[in-house]
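A.B. asks: Supplied structure: structure.pdb, PDB, C-alpha atoms, pLDDT in the B column.
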```pdb
ATOM      1  CA  MET W   1      12.002 -10.162 -38.905  1.00 43.00           C
ATOM      2  CA  PRO W   2      12.052 -10.860 -35.141  1.00 45.00           C
ATOM      3  CA  THR W   3      13.362  -7.328 -34.577  1.00 45.00           C
ATOM      4  CA  ALA W   4      10.415  -5.792 -36.438  1.00 45.00           C
ATOM      5  CA  LYS W   5       7.949  -7.827 -34.414  1.00 44.00           C
ATOM      6  CA  ALA W   6       9.627  -6.861 -31.151  1.00 44.00           C
ATOM      7  CA  SER W   7       9.446  -3.139 -31.955  1.00 42.00           C
ATOM      8  CA  ILE W   8       5.649  -3.130 -32.309  1.00 40.00           C
ATOM      9  CA  PRO W   9       4.713  -3.801 -28.683  1.00 50.00           C
ATOM     10  CA  ALA W  10       7.505  -1.478 -27.466  1.00 50.00           C
ATOM     11  CA  ASP W  11       6.130   1.385 -29.579  1.00 57.00           C
ATOM     12  CA  THR W  12       2.575   0.642 -28.507  1.00 71.00           C
ATOM     13  CA  SER W  13       3.685   0.575 -24.881  1.00 85.00           C
ATOM     14  CA  LEU W  14       5.382   3.977 -25.214  1.00 87.00           C
ATOM     15  CA  ARG W  15       2.277   5.560 -26.712  1.00 88.00           C
ATOM     16  CA  LYS W  16       0.207   4.151 -23.881  1.00 90.00           C
ATOM     17  CA  GLN W  17       2.645   5.418 -21.256  1.00 92.00           C
ATOM     18  CA  VAL W  18       2.487   8.944 -22.666  1.00 94.00           C
ATOM     19  CA  TYR W  19      -1.298   8.832 -22.836  1.00 94.00           C
ATOM     20  CA  ASP W  20      -1.568   7.456 -19.292  1.00 93.00           C
ATOM     21  CA  SER W  21       0.841  10.088 -17.949  1.00 94.00           C
ATOM     22  CA  LEU W  22      -1.144  12.929 -19.503  1.00 95.00           C
ATOM     23  CA  ARG W  23      -4.446  11.422 -18.385  1.00 94.00           C
ATOM     24  CA  ASP W  24      -3.221  11.037 -14.808  1.00 92.00           C
ATOM     25  CA  ALA W  25      -1.921  14.609 -14.777  1.00 93.00           C
ATOM     26  CA  LEU W  26      -5.261  15.916 -16.021  1.00 94.00           C
ATOM     27  CA  THR W  27      -7.411  13.974 -13.581  1.00 92.00           C
ATOM     28  CA  ALA W  28      -5.145  14.901 -10.654  1.00 90.00           C
ATOM     29  CA  GLY W  29      -5.435  18.615 -11.448  1.00 90.00           C
ATOM     30  CA  ARG W  30      -1.818  19.137 -12.505  1.00 91.00           C
ATOM     31  CA  PHE W  31      -2.897  21.355 -15.388  1.00 92.00           C
ATOM     32  CA  ALA W  32      -4.893  24.540 -14.917  1.00 89.00           C
ATOM     33  CA  PRO W  33      -7.954  25.642 -16.910  1.00 90.00           C
ATOM     34  CA  GLY W  34      -6.822  27.427 -20.055  1.00 91.00           C
ATOM     35  CA  GLN W  35      -3.215  26.252 -19.754  1.00 92.00           C
ATOM     36  CA  LYS W  36      -1.418  25.744 -23.073  1.00 95.00           C
ATOM     37  CA  LEU W  37       1.083  22.967 -23.747  1.00 95.00           C
ATOM     38  CA  THR W  38       3.239  22.514 -26.819  1.00 95.00           C
ATOM     39  CA  PHE W  39       3.921  19.053 -28.189  1.00 96.00           C
ATOM     40  CA  ARG W  40       7.640  19.736 -27.790  1.00 95.00           C
ATOM     41  CA  PHE W  41       7.270  20.743 -24.139  1.00 94.00           C
ATOM     42  CA  VAL W  42       5.380  17.537 -23.276  1.00 94.00           C
ATOM     43  CA  ALA W  43       7.947  15.439 -25.151  1.00 94.00           C
ATOM     44  CA  GLY W  44      10.764  17.106 -23.218  1.00 93.00           C
ATOM     45  CA  ALA W  45       8.983  16.722 -19.866  1.00 92.00           C
ATOM     46  CA  LEU W  46       8.504  13.001 -20.460  1.00 93.00           C
ATOM     47  CA  GLY W  47      11.782  12.373 -22.259  1.00 92.00           C
ATOM     48  CA  VAL W  48      10.197  10.917 -25.390  1.00 93.00           C
ATOM     49  CA  SER W  49       9.996  11.753 -29.088  1.00 93.00           C
ATOM     50  CA  LEU W  50       7.244  13.870 -30.622  1.00 93.00           C
ATOM     51  CA  THR W  51       5.444  10.950 -32.294  1.00 93.00           C
ATOM     52  CA  PRO W  52       3.908   9.280 -29.204  1.00 94.00           C
ATOM     53  CA  VAL W  53       3.143  12.715 -27.744  1.00 95.00           C
ATOM     54  CA  ARG W  54       1.338  13.807 -30.895  1.00 94.00           C
ATOM     55  CA  GLU W  55      -0.766  10.629 -30.933  1.00 94.00           C
ATOM     56  CA  ALA W  56      -1.590  10.830 -27.210  1.00 95.00           C
ATOM     57  CA  LEU W  57      -2.598  14.481 -27.412  1.00 96.00           C
ATOM     58  CA  ARG W  58      -4.797  13.910 -30.452  1.00 95.00           C
ATOM     59  CA  ARG W  59      -6.542  11.104 -28.590  1.00 94.00           C
ATOM     60  CA  LEU W  60      -7.106  13.370 -25.593  1.00 96.00           C
ATOM     61  CA  VAL W  61      -8.420  16.123 -27.863  1.00 96.00           C
ATOM     62  CA  ALA W  62     -10.953  13.634 -29.264  1.00 94.00           C
ATOM     63  CA  GLU W  63     -11.969  12.789 -25.687  1.00 93.00           C
ATOM     64  CA  GLY W  64     -12.559  16.456 -24.840  1.00 92.00           C
ATOM     65  CA  ALA W  65      -9.653  16.755 -22.406  1.00 94.00           C
ATOM     66  CA  PHE W  66      -7.675  19.220 -24.574  1.00 96.00           C
ATOM     67  CA  GLU W  67      -8.444  21.632 -27.415  1.00 96.00           C
ATOM     68  CA  MET W  68      -6.118  21.689 -30.426  1.00 96.00           C
ATOM     69  CA  GLN W  69      -4.325  25.010 -30.919  1.00 95.00           C
ATOM     70  CA  PRO W  70      -2.046  26.421 -33.649  1.00 91.00           C
ATOM     71  CA  ASN W  71       1.695  25.721 -33.730  1.00 90.00           C
ATOM     72  CA  ARG W  72       1.538  22.144 -32.456  1.00 92.00           C
ATOM     73  CA  SER W  73       0.019  22.976 -29.121  1.00 95.00           C
ATOM     74  CA  VAL W  74      -3.069  22.152 -27.091  1.00 97.00           C
ATOM     75  CA  ARG W  75      -5.037  23.969 -24.415  1.00 95.00           C
ATOM     76  CA  VAL W  76      -6.955  22.767 -21.378  1.00 95.00           C
ATOM     77  CA  PRO W  77     -10.539  23.834 -22.209  1.00 93.00           C
ATOM     78  CA  LEU W  78     -12.174  26.674 -20.356  1.00 93.00           C
ATOM     79  CA  MET W  79     -15.553  25.800 -18.884  1.00 93.00           C
ATOM     80  CA  THR W  80     -18.842  27.577 -18.521  1.00 95.00           C
ATOM     81  CA  ARG W  81     -21.179  27.223 -15.583  1.00 96.00           C
ATOM     82  CA  ASP W  82     -23.630  25.239 -17.723  1.00 96.00           C
ATOM     83  CA  ARG W  83     -20.911  22.817 -18.814  1.00 95.00           C
ATOM     84  CA  ILE W  84     -19.765  22.191 -15.242  1.00 96.00           C
ATOM     85  CA  ILE W  85     -23.361  21.579 -14.160  1.00 97.00           C
ATOM     86  CA  GLU W  86     -23.786  19.086 -17.004  1.00 97.00           C
ATOM     87  CA  LEU W  87     -20.603  17.240 -16.035  1.00 97.00           C
ATOM     88  CA  ARG W  88     -21.588  17.393 -12.358  1.00 98.00           C
ATOM     89  CA  ASP W  89     -24.899  15.676 -13.009  1.00 98.00           C
ATOM     90  CA  MET W  90     -23.261  12.975 -15.118  1.00 98.00           C
ATOM     91  CA  ARG W  91     -20.601  12.337 -12.505  1.00 98.00           C
ATOM     92  CA  ILE W  92     -23.169  12.149  -9.718  1.00 98.00           C
ATOM     93  CA  ALA W  93     -25.107   9.485 -11.612  1.00 98.00           C
ATOM     94  CA  LEU W  94     -22.155   7.324 -12.642  1.00 98.00           C
ATOM     95  CA  GLU W  95     -19.983   7.639  -9.559  1.00 98.00           C
ATOM     96  CA  GLY W  96     -22.937   7.142  -7.256  1.00 98.00           C
ATOM     97  CA  LEU W  97     -23.663   3.898  -9.098  1.00 98.00           C
ATOM     98  CA  ALA W  98     -20.018   2.809  -8.818  1.00 98.00           C
ATOM     99  CA  ALA W  99     -19.977   3.533  -5.068  1.00 98.00           C
ATOM    100  CA  GLU W 100     -23.182   1.556  -4.599  1.00 98.00           C
ATOM    101  CA  LYS W 101     -21.753  -1.450  -6.397  1.00 98.00           C
ATOM    102  CA  ALA W 102     -18.449  -1.119  -4.548  1.00 98.00           C
ATOM    103  CA  ALA W 103     -20.199  -1.253  -1.175  1.00 98.00           C
ATOM    104  CA  ARG W 104     -21.773  -4.582  -2.094  1.00 98.00           C
ATOM    105  CA  ARG W 105     -18.407  -6.124  -3.041  1.00 98.00           C
ATOM    106  CA  ALA W 106     -16.031  -4.545  -0.532  1.00 98.00           C
ATOM    107  CA  ASN W 107     -13.901  -6.712   1.729  1.00 98.00           C
ATOM    108  CA  ARG W 108     -11.565  -5.813   4.580  1.00 97.00           C
ATOM    109  CA  HIS W 109      -8.589  -5.417   2.234  1.00 98.00           C
ATOM    110  CA  HIS W 110     -10.502  -2.853   0.169  1.00 98.00           C
ATOM    111  CA  VAL W 111     -11.489  -0.986   3.321  1.00 98.00           C
ATOM    112  CA  ALA W 112      -7.898  -0.976   4.586  1.00 98.00           C
ATOM    113  CA  GLU W 113      -6.667   0.437   1.270  1.00 98.00           C
ATOM    114  CA  LEU W 114      -9.218   3.258   1.310  1.00 98.00           C
ATOM    115  CA  ARG W 115      -8.332   4.039   4.921  1.00 98.00           C
ATOM    116  CA  ARG W 116      -4.633   4.229   3.989  1.00 98.00           C
ATOM    117  CA  ILE W 117      -5.291   6.654   1.147  1.00 98.00           C
ATOM    118  CA  ALA W 118      -7.574   8.795   3.313  1.00 98.00           C
ATOM    119  CA  LEU W 119      -4.851   9.032   5.956  1.00 98.00           C
ATOM    120  CA  GLU W 120      -2.222  10.010   3.377  1.00 98.00           C
ATOM    121  CA  LEU W 121      -4.596  12.641   2.003  1.00 97.00           C
ATOM    122  CA  ALA W 122      -5.163  14.080   5.474  1.00 96.00           C
ATOM    123  CA  THR W 123      -1.410  14.200   6.087  1.00 97.00           C
ATOM    124  CA  ALA W 124      -0.782  16.021   2.790  1.00 96.00           C
ATOM    125  CA  ARG W 125      -3.565  18.503   3.545  1.00 95.00           C
ATOM    126  CA  SER W 126      -2.247  19.216   7.028  1.00 95.00           C
ATOM    127  CA  ARG W 127       1.128  20.261   5.605  1.00 96.00           C
ATOM    128  CA  GLY W 128      -0.375  22.270   2.744  1.00 94.00           C
ATOM    129  CA  ASP W 129       0.889  19.912   0.034  1.00 95.00           C
ATOM    130  CA  HIS W 130      -1.716  20.663  -2.624  1.00 92.00           C
ATOM    131  CA  VAL W 131      -0.046  18.531  -5.315  1.00 92.00           C
ATOM    132  CA  THR W 132      -0.232  15.368  -3.198  1.00 94.00           C
ATOM    133  CA  ASP W 133      -3.647  16.398  -1.894  1.00 94.00           C
ATOM    134  CA  ARG W 134      -5.108  16.490  -5.423  1.00 93.00           C
ATOM    135  CA  GLN W 135      -3.389  13.231  -6.318  1.00 94.00           C
ATOM    136  CA  LYS W 136      -4.819  11.489  -3.248  1.00 96.00           C
ATOM    137  CA  ILE W 137      -8.336  12.788  -3.935  1.00 96.00           C
ATOM    138  CA  ARG W 138      -8.173  11.081  -7.309  1.00 95.00           C
ATOM    139  CA  GLU W 139      -6.593   7.963  -5.827  1.00 97.00           C
ATOM    140  CA  PHE W 140      -9.308   7.593  -3.190  1.00 98.00           C
ATOM    141  CA  HIS W 141     -12.152   7.919  -5.660  1.00 98.00           C
ATOM    142  CA  PHE W 142     -10.717   5.514  -8.222  1.00 98.00           C
ATOM    143  CA  ALA W 143      -9.718   2.968  -5.596  1.00 98.00           C
ATOM    144  CA  LEU W 144     -13.345   3.047  -4.471  1.00 98.00           C
ATOM    145  CA  TYR W 145     -14.774   2.710  -7.979  1.00 98.00           C
ATOM    146  CA  ALA W 146     -12.365  -0.085  -8.894  1.00 98.00           C
ATOM    147  CA  ILE W 147     -13.910  -2.210  -6.137  1.00 98.00           C
ATOM    148  CA  ALA W 148     -17.142  -2.279  -8.162  1.00 98.00           C
ATOM    149  CA  ASP W 149     -15.323  -4.316 -10.847  1.00 98.00           C
ATOM    150  CA  GLN W 150     -17.242  -2.633 -13.670  1.00 98.00           C
ATOM    151  CA  PRO W 151     -14.664  -1.796 -16.377  1.00 98.00           C
ATOM    152  CA  THR W 152     -17.049  -0.015 -18.747  1.00 98.00           C
ATOM    153  CA  LEU W 153     -18.449   2.124 -15.941  1.00 98.00           C
ATOM    154  CA  LEU W 154     -14.934   2.951 -14.765  1.00 97.00           C
ATOM    155  CA  ARG W 155     -13.869   4.075 -18.255  1.00 95.00           C
ATOM    156  CA  ALA W 156     -16.893   6.362 -18.474  1.00 97.00           C
ATOM    157  CA  ILE W 157     -16.010   7.911 -15.115  1.00 97.00           C
ATOM    158  CA  GLU W 158     -12.395   8.394 -16.205  1.00 95.00           C
ATOM    159  CA  GLY W 159     -13.619  10.271 -19.285  1.00 94.00           C
ATOM    160  CA  LEU W 160     -15.552  12.721 -17.123  1.00 96.00           C
ATOM    161  CA  TRP W 161     -12.603  13.237 -14.772  1.00 96.00           C
ATOM    162  CA  LEU W 162     -10.403  14.110 -17.757  1.00 94.00           C
ATOM    163  CA  GLN W 163     -12.627  17.135 -18.306  1.00 94.00           C
ATOM    164  CA  THR W 164     -13.196  18.202 -14.698  1.00 95.00           C
ATOM    165  CA  GLY W 165      -9.762  17.331 -13.242  1.00 92.00           C
ATOM    166  CA  PRO W 166      -8.117  20.691 -14.039  1.00 92.00           C
ATOM    167  CA  TYR W 167     -10.902  22.408 -12.109  1.00 92.00           C
ATOM    168  CA  LEU W 168      -9.802  20.678  -8.896  1.00 90.00           C
ATOM    169  CA  ASN W 169      -7.425  23.637  -8.594  1.00 89.00           C
ATOM    170  CA  LEU W 170     -10.387  25.919  -7.924  1.00 93.00           C
ATOM    171  CA  LEU W 171     -11.236  24.001  -4.747  1.00 93.00           C
ATOM    172  CA  PHE W 172      -8.005  25.230  -3.130  1.00 91.00           C
ATOM    173  CA  PRO W 173      -7.708  26.667  -0.583  1.00 90.00           C
ATOM    174  CA  GLU W 174     -11.207  27.762   0.442  1.00 91.00           C
ATOM    175  CA  PHE W 175     -13.350  24.728  -0.332  1.00 93.00           C
ATOM    176  CA  ILE W 176     -10.921  22.043   0.857  1.00 91.00           C
ATOM    177  CA  SER W 177     -10.458  23.819   4.191  1.00 89.00           C
ATOM    178  CA  ARG W 178     -13.988  22.803   5.134  1.00 87.00           C
ATOM    179  CA  PRO W 179     -14.286  19.704   7.361  1.00 84.00           C
ATOM    180  CA  HIS W 180     -16.811  17.880   5.212  1.00 84.00           C
ATOM    181  CA  GLY W 181     -14.162  16.224   2.982  1.00 86.00           C
ATOM    182  CA  PRO W 182     -12.498  14.083   5.673  1.00 92.00           C
ATOM    183  CA  GLN W 183     -15.898  13.396   7.225  1.00 95.00           C
ATOM    184  CA  THR W 184     -17.277  12.198   3.901  1.00 96.00           C
ATOM    185  CA  ARG W 185     -14.358   9.830   3.329  1.00 97.00           C
ATOM    186  CA  ALA W 186     -14.803   8.416   6.837  1.00 97.00           C
ATOM    187  CA  ARG W 187     -18.503   7.816   6.195  1.00 98.00           C
ATOM    188  CA  VAL W 188     -17.757   6.172   2.835  1.00 98.00           C
ATOM    189  CA  ILE W 189     -15.329   3.794   4.533  1.00 98.00           C
ATOM    190  CA  ARG W 190     -17.898   2.943   7.224  1.00 98.00           C
ATOM    191  CA  ALA W 191     -20.526   2.353   4.546  1.00 98.00           C
ATOM    192  CA  LEU W 192     -18.238  -0.119   2.785  1.00 98.00           C
ATOM    193  CA  GLN W 193     -17.503  -1.896   6.055  1.00 98.00           C
ATOM    194  CA  ALA W 194     -21.240  -2.296   6.617  1.00 98.00           C
ATOM    195  CA  HIS W 195     -21.976  -3.108   2.943  1.00 98.00           C
ATOM    196  CA  ASP W 196     -24.395  -0.188   3.044  1.00 98.00           C
ATOM    197  CA  ALA W 197     -24.814   0.543  -0.668  1.00 98.00           C
ATOM    198  CA  VAL W 198     -27.396   3.286  -0.125  1.00 98.00           C
ATOM    199  CA  ALA W 199     -25.147   5.225   2.262  1.00 98.00           C
ATOM    200  CA  ALA W 200     -22.070   4.836   0.034  1.00 98.00           C
ATOM    201  CA  ARG W 201     -23.956   6.161  -2.961  1.00 98.00           C
ATOM    202  CA  ARG W 202     -25.409   9.071  -1.003  1.00 98.00           C
ATOM    203  CA  GLU W 203     -22.024  10.157   0.348  1.00 98.00           C
ATOM    204  CA  ILE W 204     -20.330  10.141  -3.063  1.00 98.00           C
ATOM    205  CA  GLU W 205     -23.246  11.905  -4.741  1.00 98.00           C
ATOM    206  CA  ASN W 206     -23.196  14.645  -2.094  1.00 97.00           C
ATOM    207  CA  ASP W 207     -19.414  14.972  -2.292  1.00 97.00           C
ATOM    208  CA  ILE W 208     -19.379  15.448  -6.058  1.00 97.00           C
ATOM    209  CA  GLY W 209     -22.437  17.667  -6.012  1.00 97.00           C
ATOM    210  CA  ASP W 210     -20.971  19.998  -3.386  1.00 97.00           C
ATOM    211  CA  ALA W 211     -17.556  20.288  -5.062  1.00 96.00           C
ATOM    212  CA  LEU W 212     -18.740  20.893  -8.609  1.00 97.00           C
ATOM    213  CA  SER W 213     -21.563  23.200  -7.513  1.00 97.00           C
ATOM    214  CA  TYR W 214     -18.934  25.278  -5.703  1.00 96.00           C
ATOM    215  CA  ILE W 215     -16.892  25.476  -8.919  1.00 96.00           C
ATOM    216  CA  ALA W 216     -19.960  26.323 -11.000  1.00 96.00           C
ATOM    217  CA  ASP W 217     -20.767  29.197  -8.639  1.00 96.00           C
ATOM    218  CA  LEU W 218     -17.374  30.769  -9.384  1.00 95.00           C
ATOM    219  CA  ALA W 219     -18.600  31.700 -12.863  1.00 94.00           C
ATOM    220  CA  ASP W 220     -18.693  35.362 -13.840  1.00 91.00           C
ATOM    221  CA  ASP W 221     -21.805  37.184 -15.063  1.00 88.00           C
ATOM    222  CA  ALA W 222     -21.308  35.696 -18.537  1.00 88.00           C
ATOM    223  CA  GLY W 223     -21.181  32.179 -17.096  1.00 92.00           C
ATOM    224  CA  ASN W 224     -17.451  31.691 -17.719  1.00 92.00           C
ATOM    225  CA  ILE W 225     -15.193  29.985 -15.172  1.00 89.00           C
ATOM    226  CA  THR W 226     -11.508  30.853 -15.050  1.00 73.00           C
ATOM    227  CA  LEU W 227      -8.668  30.165 -12.657  1.00 63.00           C
ATOM    228  CA  VAL W 228      -8.439  33.047 -10.202  1.00 52.00           C
ATOM    229  CA  THR W 229      -4.841  33.892  -9.276  1.00 46.00           C
ATOM    230  CA  THR W 230      -3.079  36.482  -7.167  1.00 35.00           C
ATOM    231  CA  PRO W 231      -0.514  38.723  -8.960  1.00 33.00           C
ATOM    232  CA  LYS W 232       2.289  36.602  -7.479  1.00 37.00           C
ATOM    233  CA  ALA W 233       0.678  33.351  -8.671  1.00 37.00           C
ATOM    234  CA  ALA W 234      -0.007  34.848 -12.089  1.00 35.00           C
ATOM    235  CA  GLY W 235       3.667  35.736 -12.405  1.00 36.00           C
ATOM    236  CA  ARG W 236       4.613  32.167 -11.656  1.00 39.00           C
ATOM    237  CA  ARG W 237       2.221  30.901 -14.318  1.00 40.00           C
ATOM    238  CA  ARG W 238       3.694  33.225 -16.962  1.00 36.00           C
ATOM    239  CA  SER W 239       7.061  31.588 -16.444  1.00 34.00           C
ATOM    240  CA  GLY W 240       5.709  28.315 -15.138  1.00 38.00           C
ATOM    241  CA  ALA W 241       6.751  25.839 -17.830  1.00 39.00           C
ATOM    242  CA  ASP W 242       9.666  24.563 -15.789  1.00 38.00           C
ATOM    243  CA  ALA W 243       7.552  24.108 -12.658  1.00 38.00           C
ATOM    244  CA  THR W 244       4.954  22.207 -14.604  1.00 45.00           C
ATOM    245  CA  ALA W 245       7.664  20.026 -16.143  1.00 39.00           C
ATOM    246  CA  LEU W 246       9.071  19.149 -12.755  1.00 29.00           C
ATOM    247  CA  GLU W 247       5.666  18.414 -11.295  1.00 37.00           C
ATOM    248  CA  PHE W 248       4.636  16.418 -14.336  1.00 39.00           C
ATOM    249  CA  SER W 249       7.910  14.474 -14.359  1.00 38.00           C
ATOM    250  CA  HIS W 250       7.577  13.761 -10.645  1.00 35.00           C
ATOM    251  CA  ALA W 251       4.251  12.010 -11.281  1.00 36.00           C
ATOM    252  CA  GLN W 252       5.827   9.324 -13.447  1.00 33.00           C
TER     253      GLN W 252
END
```
What does the file become when written as structure tokens?
C.D. replies:
Amino acid sequence: MPTAKASIPADTSLRKQVYDSLRDALTAGRFAPGQKLTFRFVAGALGVSLTPVREALRRLVAEGAFEMQPNRSVRVPLMTRDRIIELRDMRIALEGLAAEKAARRANRHHVAELRRIALELATARSRGDHVTDRQKIREFHFALYAIADQPTLLRAIEGLWLQTGPYLNLLFPEFISRPHGPQTRARVIRALQAHDAVAARREIENDIGDALSYIADLADDAGNITLVTTPKAAGRRRSGADATALEFSHAQ
């Protein structure tokens, strides 16, 4: 009897770990638009059985982060311009609100943490480390929103990032080479230091609006947005399961 009771939280914990790992990979842009993943591949990458993977992927399908495909596989959804614009407007509203509330609650420890992340992001960008760059973008935003101490708001924001995270890839290299990113983060940090809620909200709204408008403008004449690759990059993606596994495993 004690053994049966002990196995329940362990199993629940494993399912949560798989879900959290997939969620973090999605929001940090580790999967590309249209990329397909088999249940077996994810299980192998994480070193777990198929059961927690199946449950985590079905949950993420219900949340709109993946689309169910035949043969026990899922796909990162492809977006249209209209869908990105819809998600952009929702993110602007919710994340602007979170930034405003964060500015009212921020203390010097919060400011120091944001400054640390911004510095690590700048270092990764200077050496062309796009994997860490994307991870630190996510880390900066969610560290900021966590300061607001609004759990329901934070969960809603996470749900939107699950859908837009894979499209972070489209910001590289052209969009992120612009200087406005580091400047925006510096202004956000100053706004939190000054408890300037209006400025914090404005900076985050502009940041999200600029990034997702850029992605929306990549749509073709039919309004579809796809990941543009060079022939060399496309070749890597055709045989890229191992690379994805390594990158995904490294995030754990």
A.B. asks: From the set W:Ile176, W:Met68, W:Val18, W:Ile208, which residue has the shortest atom-to-atom contact distance to W:Ser126, counting only C-alpha atoms?
C.D. replies: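 Among W:Ile176, W:Met68, W:Val18, W:Ile208, it is W:Ile176 that comes nearest to W:Ser126.
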A.B. asks: To test your reading of the syntax: which residues would the PyMOL selection byres ((chain W and resi 145) around 12) return for the file shown? Reply as JSON, numbers by chain.
C.D. replies: {"W": [94, 95, 96, 97, 98, 99, 100, 101, 102, 103, 104, 105, 106, 110, 114, 138, 139, 140, 141, 142, 143, 144, 146, 147, 148, 149, 150, 151, 152, 153, 154, 155, 156, 157, 158, 188, 192, 200, 201, 204]}
A.B. asks: Quick one: residues within 7 Å of W:Pro77, all atoms listed in the file, excluding same-chain residues fewer than 6 positions away - as a VMD selection string?
C.D. replies: chain W and resid 33 to 34 66 to 67
A.B. asks: My list of candidates is W:Met90, W:Ala186, W:Leu46, W:Leu14. Which is closest to W:Arg116 when distances are computed with only C-alpha atoms?
C.D. replies: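 For W:Arg116, the nearest of the candidates is W:Ala186.
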A.B. asks: On this file, the PyMOL selection byres ((chain W and resi 118) around 9) gives some set of residues; write that set as a short mmCIF file (atom, residue, chain, number, x, y, z; two decimals) with C-alpha atoms, keeping the file's coordinate frame.
C.D. replies:
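Wrote it out as result_30.cif, contents follow:
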```cif
data_model
loop_
_atom_site.label_atom_id
_atom_site.label_comp_id
_atom_site.auth_asym_id
_atom_site.auth_seq_id
_atom_site.Cartn_x
_atom_site.Cartn_y
_atom_site.Cartn_z
CA GLU W 113 -6.67 0.44 1.27
CA LEU W 114 -9.22 3.26 1.31
CA ARG W 115 -8.33 4.04 4.92
CA ARG W 116 -4.63 4.23 3.99
CA ILE W 117 -5.29 6.65 1.15
CA LEU W 119 -4.85 9.03 5.96
CA GLU W 120 -2.22 10.01 3.38
CA LEU W 121 -4.60 12.64 2.00
CA ALA W 122 -5.16 14.08 5.47
CA THR W 123 -1.41 14.20 6.09
CA LYS W 136 -4.82 11.49 -3.25
CA ILE W 137 -8.34 12.79 -3.94
CA PHE W 140 -9.31 7.59 -3.19
CA PRO W 182 -12.50 14.08 5.67
CA ARG W 185 -14.36 9.83 3.33
CA ALA W 186 -14.80 8.42 6.84
#
```
